[in-house]
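Visitor: Enclosed is the structure file final-v3.cif (mmCIF, C-alpha atoms).
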data_query
loop_
_atom_site.label_atom_id
_atom_site.label_comp_id
_atom_site.auth_asym_id
_atom_site.auth_seq_id
_atom_site.Cartn_x
_atom_site.Cartn_y
_atom_site.Cartn_z
CA MET A 1259 37.13 9.00 -5.75
CA LYS A 1260 34.56 8.95 -8.53
CA HIS A 1261 32.59 12.19 -8.98
CA TYR A 1262 29.08 12.76 -10.36
CA ASP A 1263 26.83 15.81 -10.46
CA VAL A 1264 23.98 13.83 -8.89
CA ILE A 1265 24.02 10.43 -7.23
CA ILE A 1266 20.77 8.61 -6.60
CA ILE A 1267 21.04 6.00 -3.90
CA GLY A 1268 18.53 3.22 -4.55
CA GLY A 1269 17.63 1.60 -7.86
CA GLY A 1270 13.93 1.07 -7.31
CA ALA A 1271 10.91 2.79 -8.84
CA ALA A 1272 11.56 6.19 -7.23
CA GLY A 1273 15.30 6.12 -7.94
CA PHE A 1274 14.94 5.30 -11.63
CA PHE A 1275 12.12 7.78 -12.16
CA THR A 1276 14.16 10.58 -10.56
CA ALA A 1277 17.31 9.73 -12.53
CA ILE A 1278 15.55 9.50 -15.91
CA ASN A 1279 13.64 12.77 -15.48
CA LEU A 1280 16.74 14.57 -14.26
CA ALA A 1281 19.02 13.31 -17.06
CA GLU A 1282 16.38 14.11 -19.68
CA ARG A 1283 16.01 17.70 -18.43
CA HIS A 1284 19.76 18.26 -18.05
CA PRO A 1285 21.71 16.15 -20.58
CA GLN A 1286 24.97 17.81 -19.50
CA LEU A 1287 24.79 16.34 -15.99
CA LYS A 1288 26.60 13.19 -14.92
CA VAL A 1289 24.00 11.11 -13.11
CA ALA A 1290 24.45 7.73 -11.41
CA ILE A 1291 22.26 5.27 -9.55
CA LEU A 1292 23.95 3.29 -6.78
CA GLU A 1293 22.00 0.09 -6.09
CA ARG A 1294 23.05 -2.46 -3.49
CA GLY A 1295 21.38 -5.41 -5.28
CA LYS A 1296 22.48 -7.36 -8.34
CA THR A 1297 19.71 -5.67 -10.31
CA GLY A 1298 17.27 -2.84 -9.68
CA LEU A 1299 13.49 -2.44 -9.80
CA GLN A 1300 12.79 -5.57 -7.75
CA LYS A 1301 9.53 -4.23 -6.25
CA VAL A 1302 8.39 -3.16 -9.72
CA LYS A 1303 8.98 -6.73 -10.90
CA ILE A 1304 6.75 -8.39 -8.28
CA SER A 1305 4.13 -5.63 -7.92
CA GLY A 1306 0.57 -6.57 -8.81
CA GLY A 1307 1.44 -10.25 -9.08
CA GLY A 1308 4.10 -9.54 -11.71
CA ARG A 1309 1.87 -7.20 -13.72
CA CYS A 1310 3.01 -3.93 -12.02
CA ASN A 1311 0.18 -1.85 -10.60
CA VAL A 1312 1.59 1.44 -11.98
CA THR A 1313 -0.98 3.85 -10.49
CA HIS A 1314 -4.68 4.26 -9.70
CA ALA A 1315 -7.40 5.89 -11.79
CA GLU A 1316 -8.14 8.66 -9.32
CA PHE A 1317 -7.72 12.07 -10.97
CA ILE A 1318 -8.67 14.46 -8.16
CA PRO A 1319 -5.74 15.27 -5.83
CA SER A 1320 -7.94 15.76 -2.75
CA GLU A 1321 -9.47 12.30 -3.32
CA LEU A 1322 -6.15 10.63 -4.18
CA VAL A 1323 -4.49 11.73 -0.92
CA ARG A 1324 -7.16 9.95 1.11
CA ASN A 1325 -5.45 6.66 0.29
CA TYR A 1326 -2.34 7.58 2.30
CA PRO A 1327 -2.58 6.86 6.05
CA ARG A 1328 0.72 8.73 6.40
CA GLY A 1329 1.39 11.56 3.93
CA GLU A 1330 -2.18 12.64 3.18
CA LYS A 1331 -1.64 16.32 4.04
CA GLU A 1332 1.89 16.54 2.63
CA LEU A 1333 1.11 15.00 -0.78
CA LEU A 1334 -1.74 17.34 -1.70
CA GLY A 1335 0.62 20.01 -3.12
CA PRO A 1336 2.86 17.52 -4.98
CA PHE A 1337 -0.17 15.86 -6.57
CA HIS A 1338 -1.13 19.23 -8.02
CA GLN A 1339 2.33 19.27 -9.67
CA PHE A 1340 2.47 15.66 -10.91
CA MET A 1341 -0.62 13.50 -10.80
CA THR A 1342 -2.11 10.26 -12.13
CA GLY A 1343 -2.84 11.82 -15.53
CA ASP A 1344 0.78 12.95 -15.77
CA THR A 1345 1.96 9.43 -14.97
CA ILE A 1346 -0.22 7.99 -17.75
CA ALA A 1347 1.05 10.62 -20.21
CA TRP A 1348 4.68 10.01 -19.17
CA PHE A 1349 4.47 6.29 -19.93
CA GLU A 1350 2.39 6.79 -23.10
CA ALA A 1351 5.06 9.17 -24.46
CA ARG A 1352 7.59 6.37 -24.02
CA GLY A 1353 5.50 3.73 -25.73
CA VAL A 1354 3.89 2.14 -22.68
CA SER A 1355 0.08 2.14 -22.72
CA LEU A 1356 -1.79 1.66 -19.46
CA LYS A 1357 -5.27 0.25 -18.87
CA ILE A 1358 -7.79 0.71 -16.06
CA GLU A 1359 -9.31 -2.30 -14.31
CA ASP A 1360 -12.76 -2.36 -12.69
CA ASP A 1361 -11.37 -1.57 -9.24
CA GLY A 1362 -9.41 1.47 -10.54
CA ARG A 1363 -5.98 -0.14 -10.55
CA MET A 1364 -3.89 0.63 -13.62
CA PHE A 1365 -1.53 -1.78 -15.35
CA PRO A 1366 0.49 -1.83 -18.55
CA VAL A 1367 -1.64 -3.19 -21.41
CA SER A 1368 0.94 -5.98 -21.71
CA ASP A 1369 0.03 -7.20 -18.19
CA SER A 1370 3.76 -7.59 -17.53
CA SER A 1371 5.95 -5.64 -15.12
CA GLN A 1372 8.84 -6.35 -17.53
CA THR A 1373 7.32 -3.70 -19.83
CA ILE A 1374 7.88 -1.05 -17.14
CA ILE A 1375 11.37 -2.36 -16.33
CA ASP A 1376 12.37 -2.39 -20.01
CA CYS A 1377 11.07 1.17 -20.41
CA PHE A 1378 13.13 2.40 -17.44
CA LEU A 1379 16.29 0.60 -18.54
CA ALA A 1380 15.96 1.92 -22.10
CA GLU A 1381 15.38 5.49 -20.87
CA ALA A 1382 18.30 5.29 -18.43
CA GLN A 1383 20.57 4.09 -21.24
CA LYS A 1384 19.25 6.70 -23.67
CA HIS A 1385 19.97 9.52 -21.21
CA GLN A 1386 23.32 8.06 -20.15
CA VAL A 1387 22.52 7.36 -16.52
CA ASP A 1388 25.23 5.17 -14.99
CA LEU A 1389 23.66 2.11 -13.31
CA LEU A 1390 26.04 0.84 -10.65
CA TYR A 1391 24.77 -2.43 -9.16
CA ASN A 1392 26.25 -4.23 -6.13
CA HIS A 1393 27.11 -0.84 -4.66
CA SER A 1394 26.11 -0.70 -1.01
CA VAL A 1395 26.47 2.74 0.60
CA LYS A 1396 28.15 2.59 4.03
CA THR A 1397 28.68 6.27 4.91
CA LEU A 1398 27.28 9.63 3.79
CA GLN A 1399 28.73 12.97 4.79
CA LYS A 1400 29.21 16.50 3.54
CA THR A 1401 32.74 17.79 3.02
CA ASP A 1402 33.54 21.21 1.55
CA GLY A 1403 30.08 21.52 0.01
CA LEU A 1404 30.15 18.08 -1.62
CA TRP A 1405 28.42 14.88 -0.58
CA GLU A 1406 30.86 12.03 -0.07
CA MET A 1407 29.88 8.41 0.29
CA LYS A 1408 31.83 5.27 0.95
CA THR A 1409 30.51 2.11 -0.69
CA ASN A 1410 31.67 -1.51 -0.58
CA THR A 1411 33.45 -0.84 -3.89
CA GLY A 1412 35.04 2.57 -3.28
CA LEU A 1413 34.49 6.29 -2.74
CA PHE A 1414 32.04 8.56 -4.56
CA SER A 1415 31.24 12.26 -4.41
CA SER A 1416 28.48 14.45 -5.84
CA GLU A 1417 26.98 17.91 -5.56
CA LYS A 1418 23.50 16.52 -4.93
CA VAL A 1419 22.20 13.26 -3.52
CA VAL A 1420 18.75 11.70 -3.83
CA LEU A 1421 17.87 9.02 -1.31
CA ALA A 1422 15.39 6.55 -2.78
CA THR A 1423 16.22 3.46 -0.77
CA GLY A 1424 12.72 2.53 0.41
CA SER A 1425 12.43 0.99 3.86
CA ASN A 1426 16.14 0.49 4.48
CA PRO A 1427 17.10 0.66 8.19
CA LYS A 1428 20.82 1.08 7.42
CA ILE A 1429 20.16 4.23 5.38
CA TRP A 1430 17.74 5.49 8.04
CA ASN A 1431 20.59 5.09 10.55
CA LEU A 1432 22.87 7.17 8.30
CA LEU A 1433 20.20 9.87 8.16
CA GLU A 1434 19.82 9.87 11.94
CA SER A 1435 23.57 10.47 12.20
CA LEU A 1436 22.98 13.52 9.94
CA GLY A 1437 20.38 14.83 12.38
CA HIS A 1438 17.20 13.64 10.64
CA ALA A 1439 14.40 12.14 12.73
CA VAL A 1440 13.13 8.78 11.53
CA ALA A 1441 9.78 7.25 12.51
CA GLN A 1442 10.57 3.64 13.34
CA PRO A 1443 9.12 1.21 10.81
CA VAL A 1444 6.10 -0.95 11.55
CA PRO A 1445 4.36 -3.20 9.02
CA SER A 1446 1.49 -1.75 7.03
CA LEU A 1447 -0.72 -3.65 4.54
CA PHE A 1448 -1.11 -7.09 6.05
CA THR A 1449 -3.79 -9.74 6.43
CA PHE A 1450 -5.34 -10.84 9.74
CA ASP A 1451 -4.88 -14.27 11.37
CA VAL A 1452 -8.17 -15.44 12.87
CA LYS A 1453 -9.09 -18.84 14.30
CA ASP A 1454 -12.86 -19.05 14.48
CA GLU A 1455 -15.45 -21.78 13.88
CA ARG A 1456 -17.46 -19.41 11.66
CA ILE A 1457 -14.73 -19.23 9.02
CA LYS A 1458 -13.17 -22.66 9.47
CA ASP A 1459 -12.98 -24.81 6.32
CA ILE A 1460 -14.44 -22.17 3.98
CA PRO A 1461 -11.34 -20.50 2.46
CA GLY A 1462 -11.96 -18.66 -0.79
CA VAL A 1463 -15.35 -17.28 0.24
CA VAL A 1464 -15.68 -13.59 -0.67
CA VAL A 1465 -18.24 -11.13 0.70
CA GLN A 1466 -18.38 -8.26 -1.78
CA ASP A 1467 -18.89 -5.29 0.53
CA VAL A 1468 -18.50 -5.30 4.30
CA GLU A 1469 -17.67 -2.80 7.03
CA VAL A 1470 -14.85 -3.75 9.40
CA THR A 1471 -14.36 -1.83 12.65
CA LEU A 1472 -11.34 -2.00 14.94
CA CYS A 1473 -12.88 -2.35 18.39
CA ASP A 1474 -12.09 0.38 20.96
CA SER A 1475 -10.80 2.73 18.28
CA GLY A 1476 -13.68 3.68 15.99
CA LEU A 1477 -11.48 3.10 12.94
CA THR A 1478 -13.48 1.49 10.14
CA SER A 1479 -12.92 0.43 6.57
CA GLU A 1480 -15.14 -0.90 3.81
CA GLY A 1481 -14.77 -3.12 0.78
CA PRO A 1482 -14.55 -6.81 -0.15
CA LEU A 1483 -13.64 -9.41 2.47
CA LEU A 1484 -11.87 -12.68 1.62
CA ILE A 1485 -11.83 -15.65 3.99
CA THR A 1486 -8.44 -17.38 3.78
CA HIS A 1487 -6.89 -20.54 5.26
CA VAL A 1488 -5.61 -18.47 8.17
CA GLY A 1489 -8.13 -15.65 8.56
CA PHE A 1490 -9.20 -12.57 6.62
CA SER A 1491 -7.79 -10.66 3.63
CA ALA A 1492 -8.89 -8.37 0.73
CA ALA A 1493 -9.33 -4.61 0.54
CA SER A 1494 -11.43 -4.04 3.68
CA ILE A 1495 -8.75 -5.73 5.82
CA LEU A 1496 -5.72 -4.26 4.03
CA LYS A 1497 -7.10 -0.72 4.34
CA LEU A 1498 -7.69 -1.17 8.05
CA SER A 1499 -4.19 -2.63 8.52
CA ALA A 1500 -2.68 0.45 6.86
CA PHE A 1501 -4.69 3.11 8.69
CA ALA A 1502 -4.32 1.34 12.05
CA ALA A 1503 -0.69 0.23 11.49
CA LEU A 1504 0.77 2.05 14.50
CA GLU A 1505 -2.01 1.06 16.88
CA LEU A 1506 -1.97 -2.61 15.86
CA ALA A 1507 1.80 -2.77 16.35
CA LYS A 1508 1.33 -1.42 19.91
CA HIS A 1509 -1.16 -4.24 20.57
CA ASN A 1510 1.33 -6.78 19.21
CA TYR A 1511 -1.29 -7.80 16.62
CA GLN A 1512 -3.72 -9.16 19.25
CA PHE A 1513 -6.99 -7.28 18.92
CA GLU A 1514 -10.69 -7.56 18.18
CA ILE A 1515 -12.66 -6.52 15.11
CA GLU A 1516 -16.37 -6.20 14.44
CA ILE A 1517 -17.69 -7.07 10.98
CA ASN A 1518 -20.95 -5.90 9.49
CA PHE A 1519 -21.36 -8.37 6.63
CA ILE A 1520 -24.32 -6.55 5.06
CA LYS A 1521 -23.45 -2.89 5.86
CA GLN A 1522 -26.89 -2.34 7.38
CA PRO A 1523 -27.97 -1.45 10.92
CA PHE A 1524 -28.96 -4.30 13.26
CA GLU A 1525 -32.59 -3.08 13.38
CA ASN A 1526 -32.96 -3.08 9.57
CA CYS A 1527 -31.57 -6.58 9.44
CA GLN A 1528 -34.04 -7.76 12.09
CA LEU A 1529 -36.97 -6.42 10.06
CA GLN A 1530 -35.75 -8.20 6.94
CA LEU A 1531 -35.27 -11.48 8.80
CA LYS A 1532 -38.85 -11.23 10.12
CA GLN A 1533 -40.01 -10.81 6.53
CA PHE A 1534 -38.03 -13.89 5.45
CA LYS A 1535 -39.67 -15.80 8.34
CA GLN A 1536 -43.00 -15.14 6.59
CA ASP A 1537 -41.94 -15.41 2.95
CA LEU A 1538 -39.71 -18.48 3.30
CA ALA A 1539 -41.65 -20.17 6.12
CA LYS A 1540 -41.19 -23.78 4.98
CA LYS A 1541 -37.55 -23.52 3.90
CA GLN A 1542 -34.59 -24.47 6.07
CA VAL A 1543 -32.77 -21.36 7.25
CA SER A 1544 -29.30 -22.87 6.79
CA LYS A 1545 -30.01 -23.74 3.16
CA SER A 1546 -31.58 -20.45 2.03
CA ALA A 1547 -28.83 -17.83 2.06
CA GLN A 1548 -30.05 -14.22 1.95
CA LEU A 1549 -28.69 -10.66 1.84
CA ASP A 1550 -25.91 -11.49 -0.66
CA ILE A 1551 -24.10 -13.66 1.87
CA PRO A 1552 -22.28 -16.60 0.18
CA LYS A 1553 -23.93 -19.95 0.96
CA ARG A 1554 -21.02 -21.49 2.88
CA LEU A 1555 -20.63 -18.46 5.14
CA TRP A 1556 -24.42 -18.12 5.62
CA LYS A 1557 -24.61 -21.68 6.93
CA LYS A 1558 -21.78 -20.99 9.41
CA LEU A 1559 -23.43 -17.79 10.66
CA VAL A 1560 -26.79 -19.55 11.06
CA LEU A 1561 -25.15 -22.27 13.21
CA ALA A 1562 -23.31 -19.59 15.22
CA ALA A 1563 -26.71 -18.03 15.98
CA ASP A 1564 -27.81 -21.27 17.74
CA ILE A 1565 -30.03 -22.30 14.85
CA SER A 1566 -29.78 -25.97 13.88
CA GLU A 1567 -29.36 -27.07 10.27
CA GLU A 1568 -32.91 -28.47 10.11
CA THR A 1569 -34.68 -25.42 11.56
CA ARG A 1570 -37.19 -23.83 9.18
CA TRP A 1571 -37.75 -20.08 8.92
CA ALA A 1572 -41.28 -20.43 10.40
CA ASP A 1573 -39.85 -22.05 13.57
CA LEU A 1574 -37.38 -19.26 14.43
CA ASN A 1575 -38.05 -17.63 17.78
CA LYS A 1576 -37.39 -14.00 18.66
CA GLN A 1577 -34.04 -14.75 20.30
CA GLN A 1578 -32.78 -16.74 17.29
CA LEU A 1579 -33.76 -13.90 14.94
CA GLU A 1580 -31.81 -11.47 17.15
CA HIS A 1581 -28.78 -13.76 17.25
CA LEU A 1582 -28.77 -14.12 13.47
CA ALA A 1583 -29.12 -10.35 12.98
CA ALA A 1584 -26.16 -9.89 15.34
CA GLN A 1585 -24.03 -12.39 13.38
CA LEU A 1586 -24.83 -10.55 10.17
CA THR A 1587 -24.33 -6.97 11.37
CA LYS A 1588 -21.99 -7.07 14.38
CA ALA A 1589 -19.94 -10.23 14.39
CA PHE A 1590 -16.91 -10.03 16.68
CA PHE A 1591 -13.67 -11.81 15.79
CA LYS A 1592 -10.42 -12.08 17.74
CA VAL A 1593 -7.32 -11.44 15.64
CA THR A 1594 -4.25 -13.32 16.85
CA GLY A 1595 -1.57 -12.15 14.42
CA LYS A 1596 -0.76 -10.92 10.94
CA SER A 1597 0.52 -12.34 7.66
CA THR A 1598 2.37 -10.57 4.84
CA PHE A 1599 0.16 -9.61 1.92
CA LYS A 1600 1.51 -11.53 -1.13
CA GLU A 1601 5.16 -10.67 -1.75
CA GLU A 1602 4.55 -6.99 -1.27
CA PHE A 1603 5.82 -5.69 2.03
CA VAL A 1604 4.99 -2.11 2.90
CA THR A 1605 6.06 -0.37 6.08
CA ALA A 1606 4.86 2.70 7.89
CA GLY A 1607 7.92 4.63 8.99
CA GLY A 1608 10.74 6.67 7.55
CA VAL A 1609 12.07 10.22 7.44
CA ASP A 1610 9.94 12.62 9.47
CA LEU A 1611 7.75 14.55 7.02
CA LYS A 1612 8.23 17.84 8.89
CA GLU A 1613 11.88 17.77 7.79
CA ILE A 1614 11.10 17.69 4.06
CA ASN A 1615 10.14 20.57 1.77
CA PHE A 1616 7.30 19.09 -0.30
CA LYS A 1617 7.58 21.77 -2.98
CA THR A 1618 10.96 20.28 -3.95
CA PHE A 1619 11.37 17.06 -1.90
CA GLU A 1620 14.60 18.54 -0.51
CA SER A 1621 15.72 18.06 3.07
CA LYS A 1622 15.04 21.11 5.26
CA LEU A 1623 18.15 20.22 7.27
CA HIS A 1624 20.69 19.69 4.49
CA GLU A 1625 20.96 21.55 1.21
CA ASN A 1626 21.23 19.35 -1.91
CA LEU A 1627 19.83 16.25 -0.16
CA TYR A 1628 16.55 14.97 -1.64
CA PHE A 1629 14.12 12.16 -0.93
CA ALA A 1630 11.83 10.07 -3.14
CA GLY A 1631 9.53 7.13 -2.47
CA GLU A 1632 9.08 5.03 0.65
CA ILE A 1633 12.21 6.26 2.46
CA MET A 1634 9.88 8.98 3.77
CA ASN A 1635 7.23 8.28 6.39
CA ILE A 1636 4.60 7.91 3.65
CA ASP A 1637 2.67 4.78 2.84
CA ALA A 1638 -0.56 3.93 1.10
CA VAL A 1639 -3.26 1.33 0.83
CA THR A 1640 -2.96 -1.24 -1.93
CA GLY A 1641 -3.89 -0.28 -5.50
CA GLY A 1642 -0.97 1.56 -7.13
CA PHE A 1643 -0.81 4.45 -4.66
CA ASN A 1644 2.70 3.76 -3.33
CA PHE A 1645 4.03 3.91 -6.89
CA GLN A 1646 2.20 7.20 -7.55
CA ASN A 1647 4.01 8.67 -4.53
CA ALA A 1648 7.30 7.46 -6.05
CA TRP A 1649 6.55 8.98 -9.47
CA SER A 1650 5.38 12.34 -8.08
CA GLY A 1651 8.30 12.70 -5.68
CA GLY A 1652 10.89 11.63 -8.23
CA TYR A 1653 9.53 13.94 -10.90
CA ILE A 1654 9.35 16.98 -8.60
CA ALA A 1655 12.82 16.41 -7.14
CA ALA A 1656 14.23 16.16 -10.68
CA LYS A 1657 12.39 19.29 -11.75
CA HIS A 1658 13.58 21.47 -8.87
CA MET A 1659 17.15 20.28 -8.49
CA TYR A 1660 18.67 22.70 -11.03
#
Rewrite the structure of this file - the entire thing - as structure tokens.
Guide:
Amino acid sequence: MKHYDVIIIGGGAAGFFTAINLAERHPQLKVAILERGKTGLQKVKISGGGRCNVTHAEFIPSELVRNYPRGEKELLGPFHQFMTGDTIAWFEARGVSLKIEDDGRMFPVSDSSQTIIDCFLAEAQKHQVDLLYNHSVKTLQKTDGLWEMKTNTGLFSSEKVVLATGSNPKIWNLLESLGHAVAQPVPSLFTFDVKDERIKDIPGVVVQDVEVTLCDSGLTSEGPLLITHVGFSAASILKLSAFAALELAKHNYQFEIEINFIKQPFENCQLQLKQFKQDLAKKQVSKSAQLDIPKRLWKKLVLAADISEETRWADLNKQQLEHLAAQLTKAFFKVTGKSTFKEEFVTAGGVDLKEINFKTFESKLHENLYFAGEIMNIDAVTGGFNFQNAWSGGYIAAKHMY
């Protein structure tokens, strides 16, 4: 049996960050990462389209937590201990400069996730962390005050264990056998499949700022909307998918949404359309897009409002004006399924947050058992927030372990 002071199970973002910070603080400790894959940091590699969306430029903890559908309350304290600014400083100190994009996402200046991977591998080597790949943990139990684990390659023991395995059902099963409650995983962060004449044949059209409401729930989200080959995507949809993840799973991804394309009340829109009827009297409605609606979508919405392509603004009747205002401010769409967002797959689910001490990220049920990253029932909207949870948790666990 091979013995270490601390074994970190899972060689992803949270696992590496915990191991490096721990080994740097306590050079005398023997620290190992057990990773079931051939290499580690796979999610880091593909994040942000291969650029690695390291964190988000939000520097107020109470604002940052609002991006976590699950974990908002629990992360407030941890973010006061290790926050976005600390993440930036941590990477800067190790030669990795980050930059802020217009939407707040932060990437390495190199625009390559390999920069982050190389940093982690160099730090792990520098602080003598043992990286044990192709090591899949089969059992985990406590014997005489030590954690013992059986892997596909042999037996290991350690005084402390950090679980940083992300959304791994096999590890969740092990935890359930140890008495931990696990919220069953459902997908979070996904795009919506919609078949509708109004968006047919116009993929690539973006409306910059819409409001999307999940019907019968009151849940809304705002932001850009992208029309795709199969339906809707972009921030407004992804946010709603995250915050409504549990509800949408219950409905088996068959539900209805209402979109306000101009984020204005129906009545306001009506008044503006009446003004256009005067100002643009001789122009064809279908060919004179208004209210920042892209031309291709405008034409579709005009047709959906029972207005022919040739109709001029002056010839619109009261009913047609109402129909067009409705298409612009409360357009209903049936969603018939979901699609994975890029290669990034995030789930809602994991270790019950009530069973974790968020001052230390230690299990409340078992001494010397810690958690970091997405193994916990914490998930976030897109934009670097899931990584920030990994960095904060890993740093705090490392800080409080000894």
Visitor: Determine the residue membership of the PyMOL selection byres ((chain A and resi 1401-1408) around 12) for the file above and supply it as a ChimeraX atom specification.
Guide: /A:1259-1267,1292,1393-1400,1409-1420,1429,1432,1436,1624-1628
Visitor: Please determine, counting all atoms listed in the file, which residue among A:His1581, A:Lys1497, A:Lys1557, A:His1509 has the shortest atom-to-atom distance to Asp1474 (chain A).
Guide: A:His1509
Visitor: Skipping near chain neighbours, those fewer than 6 positions away, what residues fall within 12 Å of Asn1526 (chain A) using all atoms listed in the file, listed as a list in words?
Guide: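 Close residues of Asn1526 (chain A): Ile1520, Lys1532, Gln1533, Leu1549, Glu1580, Ala1583, Ala1584, Leu1586 and Thr1587 of chain A.
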Visitor: Pick out the closest residue to Arg1363 (chain A) from this set: A:Asn1518, A:Gln1466, A:Thr1640, A:Asn1647. Count all atoms listed in the file.
Guide: A:Thr1640
Visitor: Please write the residues picked by the PyMOL selection byres ((chain A and resi 1445-1458) around 6) on this file as a list of chain:residue names.
Guide: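 Applied to this file, the PyMOL selection byres ((chain A and resi 1445-1458) around 6) selects A:Val1444, A:Asp1459, A:Ile1460, A:Val1488, A:Gly1489, A:Phe1490, A:Ser1491, A:Leu1496, A:Ser1499, A:Ala1500, A:Ala1503, A:Lys1558, A:Val1593, A:Thr1594, A:Gly1595, A:Lys1596, A:Ser1597, A:Thr1598, A:Phe1599, A:Val1604, A:Thr1605, A:Ala1606.
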Visitor: Output C-alpha atoms for every residue in that selection, as a CSV table (one decimal), in the coordinates of the input.
Guide:
chain,number,residue,atom,x,y,z
A,1444,VAL,CA,6.1,-1.0,11.6
A,1459,ASP,CA,-13.0,-24.8,6.3
A,1460,ILE,CA,-14.4,-22.2,4.0
A,1488,VAL,CA,-5.6,-18.5,8.2
A,1489,GLY,CA,-8.1,-15.6,8.6
A,1490,PHE,CA,-9.2,-12.6,6.6
A,1491,SER,CA,-7.8,-10.7,3.6
A,1496,LEU,CA,-5.7,-4.3,4.0
A,1499,SER,CA,-4.2,-2.6,8.5
A,1500,ALA,CA,-2.7,0.4,6.9
A,1503,ALA,CA,-0.7,0.2,11.5
A,1558,LYS,CA,-21.8,-21.0,9.4
A,1593,VAL,CA,-7.3,-11.4,15.6
A,1594,THR,CA,-4.2,-13.3,16.8
A,1595,GLY,CA,-1.6,-12.2,14.4
A,1596,LYS,CA,-0.8,-10.9,10.9
A,1597,SER,CA,0.5,-12.3,7.7
A,1598,THR,CA,2.4,-10.6,4.8
A,1599,PHE,CA,0.2,-9.6,1.9
A,1604,VAL,CA,5.0,-2.1,2.9
A,1605,THR,CA,6.1,-0.4,6.1
A,1606,ALA,CA,4.9,2.7,7.9
Visitor: Just how far from CA of Ala1656 (chain A) is CA of Ser1355 (chain A), in Å to one decimal?
Guide: 23.3 Å
Visitor: Do you know which residues lie at most 9 Å from (3.1, 4.9, -1.1), with coordinates as in the file and only C-alpha atoms counted, and could you write them as a PyMOL selection string?
Guide: chain A and resi 1325-1326+1328-1329+1604+1631-1632+1636-1640+1642-1648
Visitor: Give me, please, the distance in Å between CA of Glu1350 (chain A) and CA of Val1367 (chain A), quoted to one decimal.
Guide: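 Between these atoms lies a distance of 10.9 Å.
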Visitor: As a PyMOL selection string, please: the residues near region 1649-1652 of chain A (cut-off 8 Å, all atoms listed in the file, same-chain neighbours under 5 positions excluded).
Guide: chain A and resi 1271-1273+1275-1277+1279+1336-1337+1339-1341+1345+1619+1629-1631
